[in-house]
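Asker: Here you go, this is upload.tsv (TSV, C-alpha atoms).
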chain	number	residue	atom	x	y	z
A	1371	MET	CA	8.16	7.02	-13.52
A	1372	ARG	CA	6.47	9.32	-11.03
A	1373	ILE	CA	7.62	9.92	-7.45
A	1374	ASP	CA	5.63	11.95	-4.91
A	1375	ILE	CA	6.97	13.01	-1.53
A	1376	ALA	CA	4.55	13.81	1.30
A	1377	THR	CA	6.38	16.07	3.75
A	1378	LEU	CA	6.14	19.00	6.13
A	1379	PHE	CA	9.05	20.62	4.29
A	1380	PRO	CA	8.40	20.52	0.52
A	1381	GLU	CA	10.77	23.43	-0.12
A	1382	MET	CA	13.62	21.49	1.44
A	1383	CYS	CA	12.94	18.52	-0.84
A	1384	GLU	CA	12.47	20.67	-3.93
A	1385	ALA	CA	15.80	22.39	-3.34
A	1386	VAL	CA	17.60	19.06	-3.64
A	1387	LEU	CA	15.50	17.50	-6.38
A	1388	SER	CA	15.81	20.54	-8.65
A	1389	GLU	CA	19.59	20.32	-8.89
A	1390	SER	CA	22.19	18.22	-10.70
A	1391	ILE	CA	21.29	15.02	-12.56
A	1392	ILE	CA	17.84	14.60	-11.01
A	1393	GLY	CA	16.92	18.21	-11.71
A	1394	ARG	CA	17.94	17.89	-15.36
A	1395	ALA	CA	15.98	14.65	-15.71
A	1396	ARG	CA	12.88	16.34	-14.29
A	1397	ARG	CA	13.19	19.30	-16.64
A	1398	LYS	CA	13.49	17.13	-19.74
A	1399	GLY	CA	10.60	14.90	-18.64
A	1400	SER	CA	12.47	11.64	-18.01
A	1401	ILE	CA	10.91	11.45	-14.55
A	1402	GLU	CA	8.07	13.17	-12.71
A	1403	MET	CA	8.61	14.31	-9.13
A	1404	TYR	CA	6.27	16.28	-6.88
A	1405	CYS	CA	6.52	17.43	-3.28
A	1406	HIS	CA	3.34	17.85	-1.23
A	1407	ASN	CA	2.89	19.70	2.05
A	1408	ILE	CA	1.10	17.48	4.55
A	1409	ARG	CA	0.05	20.61	6.44
A	1410	ASP	CA	-2.19	21.60	3.49
A	1411	TYR	CA	-4.43	18.64	4.31
A	1412	THR	CA	-5.02	19.16	8.02
A	1413	LEU	CA	-8.57	19.78	9.20
A	1414	ASP	CA	-7.28	21.90	12.08
A	1415	LYS	CA	-7.92	25.65	11.75
A	1416	GLN	CA	-4.49	26.38	13.20
A	1417	LYS	CA	-2.86	24.08	10.62
A	1418	ARG	CA	-1.63	21.72	13.31
A	1419	VAL	CA	-0.61	18.24	12.15
A	1420	ASP	CA	0.75	16.84	15.42
A	1421	ASP	CA	-0.47	16.02	18.91
A	1422	TYR	CA	0.67	14.38	22.13
A	1423	PRO	CA	0.91	10.58	22.18
A	1424	TYR	CA	-1.59	8.62	24.25
A	1425	SER	CA	-0.26	7.36	27.61
A	1426	GLY	CA	2.47	9.95	27.61
A	1427	GLY	CA	5.92	9.99	26.12
A	1428	HIS	CA	8.46	12.46	24.86
A	1429	GLY	CA	7.62	14.77	21.97
A	1430	MET	CA	4.74	14.98	19.52
A	1431	ILE	CA	3.27	12.53	17.02
A	1432	LEU	CA	2.18	13.23	13.44
A	1433	GLN	CA	-1.57	12.71	13.23
A	1434	ALA	CA	-3.12	10.19	10.87
A	1435	GLN	CA	-5.74	12.30	9.08
A	1436	PRO	CA	-3.51	14.89	7.32
A	1437	ILE	CA	-1.20	12.17	6.02
A	1438	TYR	CA	-4.15	10.07	4.88
A	1439	LEU	CA	-5.78	12.95	3.01
A	1440	CYS	CA	-2.46	13.96	1.43
A	1441	CYS	CA	-1.80	10.46	0.14
A	1442	LYS	CA	-5.34	10.10	-1.15
A	1443	ALA	CA	-5.01	13.42	-3.00
A	1444	ILE	CA	-1.79	12.17	-4.60
A	1445	GLU	CA	-3.54	8.96	-5.63
A	1446	ALA	CA	-6.46	10.88	-7.12
A	1447	GLN	CA	-4.07	12.69	-9.50
A	1448	GLN	CA	-3.05	9.44	-11.16
A	1449	GLN	CA	-4.53	6.61	-13.17
A	1450	VAL	CA	-2.61	3.97	-11.21
A	1451	LYS	CA	-2.48	3.38	-7.48
A	1452	PRO	CA	0.92	4.50	-6.18
A	1453	HIS	CA	3.15	2.19	-4.18
A	1454	VAL	CA	3.28	3.88	-0.77
A	1455	ALA	CA	6.43	3.71	1.37
A	1456	PHE	CA	6.77	5.31	4.79
A	1457	LEU	CA	10.27	6.35	5.85
A	1458	THR	CA	10.58	5.04	9.41
A	1459	ALA	CA	13.36	3.94	11.75
A	1460	GLY	CA	11.64	0.56	12.06
A	1461	GLY	CA	11.43	-0.07	8.32
A	1462	LYS	CA	13.34	-2.63	6.31
A	1463	THR	CA	16.85	-1.46	5.45
A	1464	PHE	CA	17.05	0.07	1.97
A	1465	THR	CA	19.40	-1.64	-0.50
A	1466	GLN	CA	20.48	-1.27	-4.10
A	1467	GLN	CA	18.38	-4.31	-4.97
A	1468	ARG	CA	15.30	-2.64	-3.51
A	1469	ALA	CA	16.10	0.51	-5.49
A	1470	ARG	CA	16.16	-1.57	-8.67
A	1471	GLU	CA	12.78	-3.09	-7.81
A	1472	LEU	CA	11.17	0.26	-6.98
A	1473	ALA	CA	12.52	1.75	-10.23
A	1474	GLN	CA	10.31	-0.69	-12.13
A	1475	LEU	CA	7.13	0.77	-10.61
A	1476	PRO	CA	5.07	3.39	-12.47
A	1477	SER	CA	4.41	5.41	-9.31
A	1478	LEU	CA	5.97	5.69	-5.85
A	1479	THR	CA	4.81	7.82	-2.92
A	1480	LEU	CA	7.29	8.45	-0.10
A	1481	VAL	CA	5.88	9.63	3.23
A	1482	CYS	CA	8.22	11.50	5.57
A	1483	GLY	CA	7.84	11.14	9.29
A	1484	HIS	CA	8.74	13.91	11.69
A	1485	TYR	CA	8.75	14.77	15.38
A	1486	GLU	CA	8.67	11.56	17.44
A	1487	GLY	CA	6.86	9.42	14.91
A	1488	ILE	CA	3.63	8.82	13.01
A	1489	ASP	CA	0.27	7.59	14.26
A	1490	GLU	CA	0.52	3.86	13.57
A	1491	ARG	CA	-3.03	3.67	12.22
A	1492	VAL	CA	-2.26	5.61	9.04
A	1493	ILE	CA	0.76	3.39	8.40
A	1494	GLU	CA	-1.50	0.34	8.77
A	1495	ALA	CA	-4.07	1.92	6.45
A	1496	LEU	CA	-1.79	3.06	3.64
A	1497	ALA	CA	1.72	1.60	3.73
A	1498	ASP	CA	2.82	-0.99	1.20
A	1499	GLU	CA	6.14	-1.00	3.01
A	1500	GLU	CA	8.28	0.86	5.54
A	1501	ILE	CA	11.84	1.82	4.61
A	1502	SER	CA	14.85	2.71	6.75
A	1503	ILE	CA	18.11	3.98	5.23
A	1504	GLY	CA	20.20	2.76	8.16
A	1505	ASP	CA	20.49	2.07	11.86
A	1506	TYR	CA	20.50	5.66	13.05
A	1507	VAL	CA	17.91	8.35	13.74
A	1508	LEU	CA	17.31	11.60	11.82
A	1509	THR	CA	15.27	14.63	12.82
A	1510	GLY	CA	12.81	13.85	10.03
A	1511	GLY	CA	12.15	11.58	7.09
A	1512	GLU	CA	12.99	14.16	4.42
A	1513	LEU	CA	16.65	13.23	4.06
A	1514	ALA	CA	15.74	9.55	3.97
A	1515	ALA	CA	13.09	10.15	1.30
A	1516	LEU	CA	15.57	12.13	-0.79
A	1517	VAL	CA	18.11	9.30	-0.54
A	1518	VAL	CA	15.52	6.78	-1.73
A	1519	ALA	CA	14.22	9.07	-4.49
A	1520	ASP	CA	17.72	9.79	-5.80
A	1521	SER	CA	18.75	6.13	-5.72
A	1522	VAL	CA	15.59	5.03	-7.54
A	1523	CYS	CA	15.46	7.83	-10.10
A	1524	ARG	CA	18.99	7.37	-11.39
A	1525	LEU	CA	18.02	3.82	-12.44
A	1526	CYS	CA	15.14	5.08	-14.61
A	1527	PRO	CA	15.60	5.32	-18.39
A	1528	GLY	CA	16.83	8.70	-19.59
A	1529	VAL	CA	18.16	9.91	-16.23
A	1530	LEU	CA	21.78	8.84	-16.74
A	1531	SER	CA	23.37	8.98	-20.18
A	1532	SER	CA	23.69	5.17	-20.36
A	1533	PRO	CA	23.07	2.07	-18.20
A	1534	GLU	CA	26.84	1.73	-17.74
A	1535	GLY	CA	26.55	4.80	-15.54
A	1536	TYR	CA	25.18	2.61	-12.75
A	1537	GLU	CA	25.84	-0.99	-13.79
A	1538	GLU	CA	29.54	-0.81	-12.86
A	1539	GLU	CA	29.00	1.04	-9.59
A	1540	SER	CA	29.27	-0.29	-6.07
A	1541	HIS	CA	26.48	-2.68	-5.01
A	1542	TYR	CA	24.83	-3.02	-8.44
A	1543	SER	CA	26.58	-6.34	-9.12
A	1544	GLY	CA	26.93	-7.24	-5.47
A	1545	LEU	CA	30.51	-5.95	-5.28
A	1546	LEU	CA	32.07	-2.65	-4.31
A	1547	GLU	CA	33.34	-0.63	-7.26
A	1548	TYR	CA	36.96	-0.90	-8.36
A	1549	PRO	CA	39.27	2.13	-7.71
A	1550	GLN	CA	39.08	4.97	-10.23
A	1551	TYR	CA	41.81	7.34	-11.50
A	1552	SER	CA	41.96	10.51	-13.61
A	1553	ARG	CA	44.60	12.91	-14.93
A	1554	PRO	CA	47.45	13.58	-14.26
A	1555	GLU	CA	49.23	10.22	-14.53
A	1556	GLU	CA	51.28	11.09	-11.43
A	1557	TRP	CA	50.02	13.08	-8.44
A	1558	ASN	CA	52.02	13.66	-5.26
A	1559	GLY	CA	54.30	10.76	-6.12
A	1560	ARG	CA	51.41	8.37	-6.76
A	1561	ARG	CA	51.02	6.96	-10.27
A	1562	VAL	CA	48.00	5.62	-12.09
A	1563	PRO	CA	48.34	1.79	-12.33
A	1564	GLU	CA	50.13	0.92	-15.57
A	1565	ILE	CA	47.41	-1.52	-16.63
A	1566	LEU	CA	44.97	1.40	-17.02
A	1567	LEU	CA	47.37	3.10	-19.45
A	1568	SER	CA	47.86	-0.02	-21.57
A	1569	GLY	CA	44.75	0.29	-23.73
A	1570	HIS	CA	44.23	-3.49	-23.44
A	1571	HIS	CA	40.51	-3.63	-22.70
A	1572	ALA	CA	40.32	-7.30	-21.73
A	1573	ASN	CA	43.20	-6.98	-19.28
A	1574	ILE	CA	41.74	-3.79	-17.84
A	1575	ALA	CA	38.36	-5.46	-17.34
A	1576	LYS	CA	40.07	-8.39	-15.60
A	1577	TRP	CA	42.06	-6.03	-13.35
A	1578	ARG	CA	38.96	-4.06	-12.43
A	1579	HIS	CA	37.06	-7.20	-11.52
A	1580	GLU	CA	39.93	-8.45	-9.37
A	1581	GLN	CA	40.16	-5.08	-7.63
A	1582	ALA	CA	36.40	-5.09	-6.99
A	1583	LEU	CA	36.62	-8.58	-5.50
A	1584	GLU	CA	39.54	-7.68	-3.24
A	1585	ARG	CA	38.02	-4.39	-2.12
A	1586	THR	CA	34.75	-6.12	-1.26
A	1587	ARG	CA	36.53	-8.98	0.53
A	1588	THR	CA	38.52	-6.64	2.77
A	1589	ARG	CA	36.00	-3.84	3.32
A	1590	ARG	CA	32.66	-5.65	3.24
A	1591	PRO	CA	33.15	-9.35	3.99
A	1592	ASP	CA	29.38	-9.69	4.39
A	1593	LEU	CA	28.82	-8.62	0.77
A	1594	TYR	CA	31.72	-10.76	-0.41
A	1595	GLU	CA	30.24	-13.86	1.23
A	1596	LYS	CA	26.88	-13.27	-0.45
A	1597	TYR	CA	28.58	-12.73	-3.81
A	1598	GLU	CA	30.53	-15.97	-3.44
A	1599	GLU	CA	27.39	-17.88	-2.51
A	1600	LYS	CA	25.59	-16.60	-5.62
A	1601	SER	CA	28.59	-17.44	-7.80
A	1602	MET	CA	28.73	-20.99	-6.43
A	1603	ALA	CA	25.00	-21.42	-6.94
A	1604	LYS	CA	25.36	-20.45	-10.61
A	1605	ILE	CA	28.19	-22.99	-11.03
A	1606	ASP	CA	26.12	-25.75	-9.41
A	1607	LYS	CA	23.36	-25.15	-11.95
Represent the structure of the file as structure tokens.
Answerer:
Amino acid sequence: MRIDIATLFPEMCEAVLSESIIGRARRKGSIEMYCHNIRDYTLDKQKRVDDYPYSGGHGMILQAQPIYLCCKAIEAQQQVKPHVAFLTAGGKTFTQQRARELAQLPSLTLVCGHYEGIDERVIEALADEEISIGDYVLTGGELAALVVADSVCRLCPGVLSSPEGYEEESHYSGLLEYPQYSRPEEWNGRRVPEILLSGHHANIAKWRHEQALERTRTRRPDLYEKYEEKSMAKIDK
């Protein structure tokens, strides 16, 4: 899979994407990731990419043309047309399910907003979708793009050592993940649950599932309700 990020701060994105699991996956060729400076595509001699909004308002707006030219340059580098997602506060909330769907694509371009927003016309011209990572506002779309890129990339073949690395995690199955423990067996008077020391794999799996159900029911009743509805639908079939 290939992911491109169109941003005013490519160094910021590269610093994150070059480290840890994603960085290793890039170096061994499991995924392709590129960061592009929108400012390189402005037609303005002063390298400006923003201007005042029509009819007034607070702050500056990212202009359409530099973003358009940047995305078209990214597209020209590939044999397939990338799926283009703009990171905006008004986008559809990003979920694990959407990450799984995006991970199936051959190419994804993430466009980072900044300042007070993006000229709506370039969103209308290019966007296949708009994505929000939550009901709050950031100073720019870079952090949001990095969240999406990380979430999508780790689902791609060869990034994690095995599918179990994400299949048992929170949200993948619709439930929150069960509690985890490591050595020592006792820490500050708190012991690892005896079932995890038993070596009985079936009983451990049952315990973990029960813990995941209970944790989801108490912490995220909205997710628990959806999980129950899906389970009932499967039974009805």
Asker: As a JSON list (two decimals) with C-alpha atoms, in the coordinates of the input, please: the residues near stretch 1393-1395 of chain A (cut-off 10 Å, all atoms listed in the file, same-chain neighbours under 6 positions excluded).
Answerer:
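Everything below was put into out15.json:
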[["chain", "number", "residue", "atom", "x", "y", "z"],
["A", 1384, "GLU", "CA", 12.47, 20.67, -3.93],
["A", 1385, "ALA", "CA", 15.80, 22.39, -3.34],
["A", 1386, "VAL", "CA", 17.60, 19.06, -3.64],
["A", 1387, "LEU", "CA", 15.50, 17.50, -6.38],
["A", 1401, "ILE", "CA", 10.91, 11.45, -14.55],
["A", 1402, "GLU", "CA", 8.07, 13.17, -12.71],
["A", 1403, "MET", "CA", 8.61, 14.31, -9.13],
["A", 1523, "CYS", "CA", 15.46, 7.83, -10.10],
["A", 1524, "ARG", "CA", 18.99, 7.37, -11.39],
["A", 1526, "CYS", "CA", 15.14, 5.08, -14.61],
["A", 1527, "PRO", "CA", 15.60, 5.32, -18.39],
["A", 1528, "GLY", "CA", 16.83, 8.70, -19.59],
["A", 1529, "VAL", "CA", 18.16, 9.91, -16.23],
["A", 1530, "LEU", "CA", 21.78, 8.84, -16.74]]
Asker: Can you list every residue of stretch 1460-1500 of chain A that has an atom at most 12 Å from stretch 1436-1454 of chain A, with its nearest atom pair and the distance in Å to one decimal, using all atoms listed in the file, ordered by chain then number, as JSON lines?
Answerer:
{"residue": "A:Glu1471", "atom": "CA", "partner": "A:His1453", "partner_atom": "CA", "distance": 11.6}
{"residue": "A:Leu1472", "atom": "CA", "partner": "A:His1453", "partner_atom": "CA", "distance": 8.7}
{"residue": "A:Ala1473", "atom": "CA", "partner": "A:His1453", "partner_atom": "CA", "distance": 11.2}
{"residue": "A:Gln1474", "atom": "CA", "partner": "A:His1453", "partner_atom": "CA", "distance": 11.1}
{"residue": "A:Leu1475", "atom": "CA", "partner": "A:His1453", "partner_atom": "CA", "distance": 7.7}
{"residue": "A:Pro1476", "atom": "CA", "partner": "A:Pro1452", "partner_atom": "CA", "distance": 7.6}
{"residue": "A:Ser1477", "atom": "CA", "partner": "A:Pro1452", "partner_atom": "CA", "distance": 4.8}
{"residue": "A:Leu1478", "atom": "CA", "partner": "A:His1453", "partner_atom": "CA", "distance": 4.8}
{"residue": "A:Thr1479", "atom": "CA", "partner": "A:Val1454", "partner_atom": "CA", "distance": 4.7}
{"residue": "A:Leu1480", "atom": "CA", "partner": "A:Val1454", "partner_atom": "CA", "distance": 6.1}
{"residue": "A:Val1481", "atom": "CA", "partner": "A:Val1454", "partner_atom": "CA", "distance": 7.5}
{"residue": "A:Cys1482", "atom": "CA", "partner": "A:Ile1437", "partner_atom": "CA", "distance": 9.5}
{"residue": "A:Gly1483", "atom": "CA", "partner": "A:Ile1437", "partner_atom": "CA", "distance": 9.7}
{"residue": "A:His1484", "atom": "CA", "partner": "A:Ile1437", "partner_atom": "CA", "distance": 11.6}
{"residue": "A:Ile1488", "atom": "CA", "partner": "A:Ile1437", "partner_atom": "CA", "distance": 9.1}
{"residue": "A:Asp1489", "atom": "CA", "partner": "A:Ile1437", "partner_atom": "CA", "distance": 9.5}
{"residue": "A:Glu1490", "atom": "CA", "partner": "A:Ile1437", "partner_atom": "CA", "distance": 11.4}
{"residue": "A:Arg1491", "atom": "CA", "partner": "A:Tyr1438", "partner_atom": "CA", "distance": 9.8}
{"residue": "A:Val1492", "atom": "CA", "partner": "A:Tyr1438", "partner_atom": "CA", "distance": 6.4}
{"residue": "A:Ile1493", "atom": "CA", "partner": "A:Tyr1438", "partner_atom": "CA", "distance": 9.0}
{"residue": "A:Glu1494", "atom": "CA", "partner": "A:Tyr1438", "partner_atom": "CA", "distance": 10.8}
{"residue": "A:Ala1495", "atom": "CA", "partner": "A:Tyr1438", "partner_atom": "CA", "distance": 8.3}
{"residue": "A:Leu1496", "atom": "CA", "partner": "A:Val1454", "partner_atom": "CA", "distance": 6.8}
{"residue": "A:Ala1497", "atom": "CA", "partner": "A:Val1454", "partner_atom": "CA", "distance": 5.3}
{"residue": "A:Asp1498", "atom": "CA", "partner": "A:Val1454", "partner_atom": "CA", "distance": 5.3}
{"residue": "A:Glu1499", "atom": "CA", "partner": "A:Val1454", "partner_atom": "CA", "distance": 6.8}
{"residue": "A:Glu1500", "atom": "CA", "partner": "A:Val1454", "partner_atom": "CA", "distance": 8.6}
Asker: Considering only C-alpha atoms, return as an MDAnalysis selection string whatever protein or nucleic-acid residues lie within 7 Å of A:Ala1582, sequence-local ones (same chain, fewer than 3 positions apart) excluded.
Answerer: chainID A and resid 1545:1548 1578:1579 1585:1586
Asker: Tell me which residues come within 9 Å of (12.3, 7.2, 10.8), as a list of chain:residue names, counting all atoms listed in the file in the file's coordinates.
Answerer: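 The requested residues, written out, are A:Phe1456, A:Leu1457, A:Thr1458, A:Ala1459, A:Gly1460, A:Gly1461, A:Cys1482, A:Gly1483, A:His1484, A:Glu1486, A:Gly1487, A:Ile1501, A:Ser1502, A:Ile1503, A:Tyr1506, A:Val1507, A:Leu1508, A:Thr1509, A:Gly1510, A:Gly1511, A:Ala1514.
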Asker: Between atom CA of A:Gly1429 and atom CA of A:Ala1515, what is the spacing in Å?
Answerer: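 Interatomic distance here is 21.9 Å.
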Asker: Between atom CA of A:Ala1469 and atom CA of A:Ala1575, measure the distance and give it in Å to one decimal.
Answerer: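 Between atom CA of A:Ala1469 and atom CA of A:Ala1575 the gap is 25.9 Å.
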Asker: Quick check, in Å to one decimal: how far apart do atom CA of A:Ile1373 and atom CA of A:Asp1505 lie?
Answerer: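 Interatomic distance, atom CA of A:Ile1373 to atom CA of A:Asp1505: 24.5 Å.
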Asker: Of the residues A:Tyr1542, A:Trp1577, A:Tyr1485, A:Tyr1597, which is the one nearest to A:Leu1432, using all atoms listed in the file?
Answerer: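 For A:Leu1432, the nearest of the given residues is A:Tyr1485.
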Asker: Counting only C-alpha atoms, what is within 12 Å of stretch 1591-1596 of chain A, bar same-chain residues fewer than 2 positions away, as an NGL selection string?
Answerer: :A and (1465 or 1540-1546 or 1582-1589 or 1598-1603)
Asker: Assuming 5 Å of padding per side, give the centre and edge lengths of the axis-aligned box around every listed atom of stretch 1463-1474 of chain A, in Å to one decimal and as JSON.
Answerer:
{"center_x": 15.4, "center_y": -1.3, "center_z": -3.3, "size_x": 20.2, "size_y": 16.1, "size_z": 27.6}
Asker: Fix up stretch 1426-1453 of chain A with N, CA and C atoms, then write it as a PDB file, in the coordinates of the input.
Answerer:
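Dumped to result.pdb:
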ATOM      1  N   GLY A1426       1.263   9.209  27.331  1.00  0.00           N
ATOM      2  CA  GLY A1426       2.470   9.950  27.610  1.00  0.00           C
ATOM      3  C   GLY A1426       3.635   9.559  26.733  1.00  0.00           C
ATOM      4  N   GLY A1427       4.741  10.224  26.931  1.00  0.00           N
ATOM      5  CA  GLY A1427       5.920   9.990  26.120  1.00  0.00           C
ATOM      6  C   GLY A1427       6.544  11.303  25.722  1.00  0.00           C
ATOM      7  N   HIS A1428       7.742  11.241  25.217  1.00  0.00           N
ATOM      8  CA  HIS A1428       8.460  12.460  24.860  1.00  0.00           C
ATOM      9  C   HIS A1428       8.085  12.921  23.457  1.00  0.00           C
ATOM     10  N   GLY A1429       7.831  14.209  23.301  1.00  0.00           N
ATOM     11  CA  GLY A1429       7.620  14.770  21.970  1.00  0.00           C
ATOM     12  C   GLY A1429       6.195  14.624  21.464  1.00  0.00           C
ATOM     13  N   MET A1430       6.043  14.971  20.185  1.00  0.00           N
ATOM     14  CA  MET A1430       4.740  14.980  19.520  1.00  0.00           C
ATOM     15  C   MET A1430       4.704  13.929  18.419  1.00  0.00           C
ATOM     16  N   ILE A1431       3.493  13.549  18.035  1.00  0.00           N
ATOM     17  CA  ILE A1431       3.270  12.530  17.020  1.00  0.00           C
ATOM     18  C   ILE A1431       2.515  13.131  15.841  1.00  0.00           C
ATOM     19  N   LEU A1432       2.934  12.805  14.621  1.00  0.00           N
ATOM     20  CA  LEU A1432       2.180  13.230  13.440  1.00  0.00           C
ATOM     21  C   LEU A1432       0.838  12.519  13.415  1.00  0.00           C
ATOM     22  N   GLN A1433      -0.227  13.276  13.231  1.00  0.00           N
ATOM     23  CA  GLN A1433      -1.570  12.710  13.230  1.00  0.00           C
ATOM     24  C   GLN A1433      -1.868  11.965  11.923  1.00  0.00           C
ATOM     25  N   ALA A1434      -2.803  11.050  12.005  1.00  0.00           N
ATOM     26  CA  ALA A1434      -3.120  10.190  10.870  1.00  0.00           C
ATOM     27  C   ALA A1434      -3.851  10.921   9.745  1.00  0.00           C
ATOM     28  N   GLN A1435      -4.837  11.760  10.098  1.00  0.00           N
ATOM     29  CA  GLN A1435      -5.740  12.300   9.080  1.00  0.00           C
ATOM     30  C   GLN A1435      -5.046  13.160   8.015  1.00  0.00           C
ATOM     31  N   PRO A1436      -4.157  14.092   8.376  1.00  0.00           N
ATOM     32  CA  PRO A1436      -3.510  14.890   7.320  1.00  0.00           C
ATOM     33  C   PRO A1436      -2.689  14.040   6.360  1.00  0.00           C
ATOM     34  N   ILE A1437      -1.994  13.045   6.873  1.00  0.00           N
ATOM     35  CA  ILE A1437      -1.200  12.170   6.020  1.00  0.00           C
ATOM     36  C   ILE A1437      -2.116  11.366   5.105  1.00  0.00           C
ATOM     37  N   TYR A1438      -3.200  10.873   5.665  1.00  0.00           N
ATOM     38  CA  TYR A1438      -4.150  10.070   4.880  1.00  0.00           C
ATOM     39  C   TYR A1438      -4.728  10.898   3.732  1.00  0.00           C
ATOM     40  N   LEU A1439      -5.183  12.112   4.049  1.00  0.00           N
ATOM     41  CA  LEU A1439      -5.780  12.950   3.010  1.00  0.00           C
ATOM     42  C   LEU A1439      -4.753  13.358   1.958  1.00  0.00           C
ATOM     43  N   CYS A1440      -3.526  13.606   2.376  1.00  0.00           N
ATOM     44  CA  CYS A1440      -2.460  13.960   1.430  1.00  0.00           C
ATOM     45  C   CYS A1440      -2.199  12.818   0.464  1.00  0.00           C
ATOM     46  N   CYS A1441      -2.079  11.616   0.993  1.00  0.00           N
ATOM     47  CA  CYS A1441      -1.800  10.460   0.140  1.00  0.00           C
ATOM     48  C   CYS A1441      -2.963  10.154  -0.791  1.00  0.00           C
ATOM     49  N   LYS A1442      -4.172  10.332  -0.309  1.00  0.00           N
ATOM     50  CA  LYS A1442      -5.340  10.100  -1.150  1.00  0.00           C
ATOM     51  C   LYS A1442      -5.432  11.147  -2.269  1.00  0.00           C
ATOM     52  N   ALA A1443      -5.028  12.367  -1.967  1.00  0.00           N
ATOM     53  CA  ALA A1443      -5.010  13.420  -3.000  1.00  0.00           C
ATOM     54  C   ALA A1443      -3.970  13.095  -4.065  1.00  0.00           C
ATOM     55  N   ILE A1444      -2.837  12.581  -3.648  1.00  0.00           N
ATOM     56  CA  ILE A1444      -1.790  12.170  -4.600  1.00  0.00           C
ATOM     57  C   ILE A1444      -2.311  11.043  -5.481  1.00  0.00           C
ATOM     58  N   GLU A1445      -2.980  10.086  -4.871  1.00  0.00           N
ATOM     59  CA  GLU A1445      -3.540   8.960  -5.630  1.00  0.00           C
ATOM     60  C   GLU A1445      -4.577   9.423  -6.636  1.00  0.00           C
ATOM     61  N   ALA A1446      -5.387  10.402  -6.259  1.00  0.00           N
ATOM     62  CA  ALA A1446      -6.460  10.880  -7.120  1.00  0.00           C
ATOM     63  C   ALA A1446      -5.927  11.575  -8.379  1.00  0.00           C
ATOM     64  N   GLN A1447      -4.677  12.022  -8.352  1.00  0.00           N
ATOM     65  CA  GLN A1447      -4.070  12.690  -9.500  1.00  0.00           C
ATOM     66  C   GLN A1447      -3.589  11.723 -10.568  1.00  0.00           C
ATOM     67  N   GLN A1448      -3.659  10.419 -10.271  1.00  0.00           N
ATOM     68  CA  GLN A1448      -3.050   9.440 -11.160  1.00  0.00           C
ATOM     69  C   GLN A1448      -4.048   8.372 -11.602  1.00  0.00           C
ATOM     70  N   GLN A1449      -3.685   7.690 -12.657  1.00  0.00           N
ATOM     71  CA  GLN A1449      -4.530   6.610 -13.170  1.00  0.00           C
ATOM     72  C   GLN A1449      -4.175   5.264 -12.544  1.00  0.00           C
ATOM     73  N   VAL A1450      -3.025   5.201 -11.896  1.00  0.00           N
ATOM     74  CA  VAL A1450      -2.610   3.970 -11.210  1.00  0.00           C
ATOM     75  C   VAL A1450      -2.481   4.258  -9.729  1.00  0.00           C
ATOM     76  N   LYS A1451      -2.649   3.218  -8.920  1.00  0.00           N
ATOM     77  CA  LYS A1451      -2.480   3.380  -7.480  1.00  0.00           C
ATOM     78  C   LYS A1451      -0.992   3.399  -7.148  1.00  0.00           C
ATOM     79  N   PRO A1452      -0.506   4.438  -6.501  1.00  0.00           N
ATOM     80  CA  PRO A1452       0.920   4.500  -6.180  1.00  0.00           C
ATOM     81  C   PRO A1452       1.314   3.434  -5.154  1.00  0.00           C
ATOM     82  N   HIS A1453       2.555   3.007  -5.234  1.00  0.00           N
ATOM     83  CA  HIS A1453       3.150   2.190  -4.180  1.00  0.00           C
ATOM     84  C   HIS A1453       3.557   3.150  -3.076  1.00  0.00           C
TER      85      HIS A1453
END
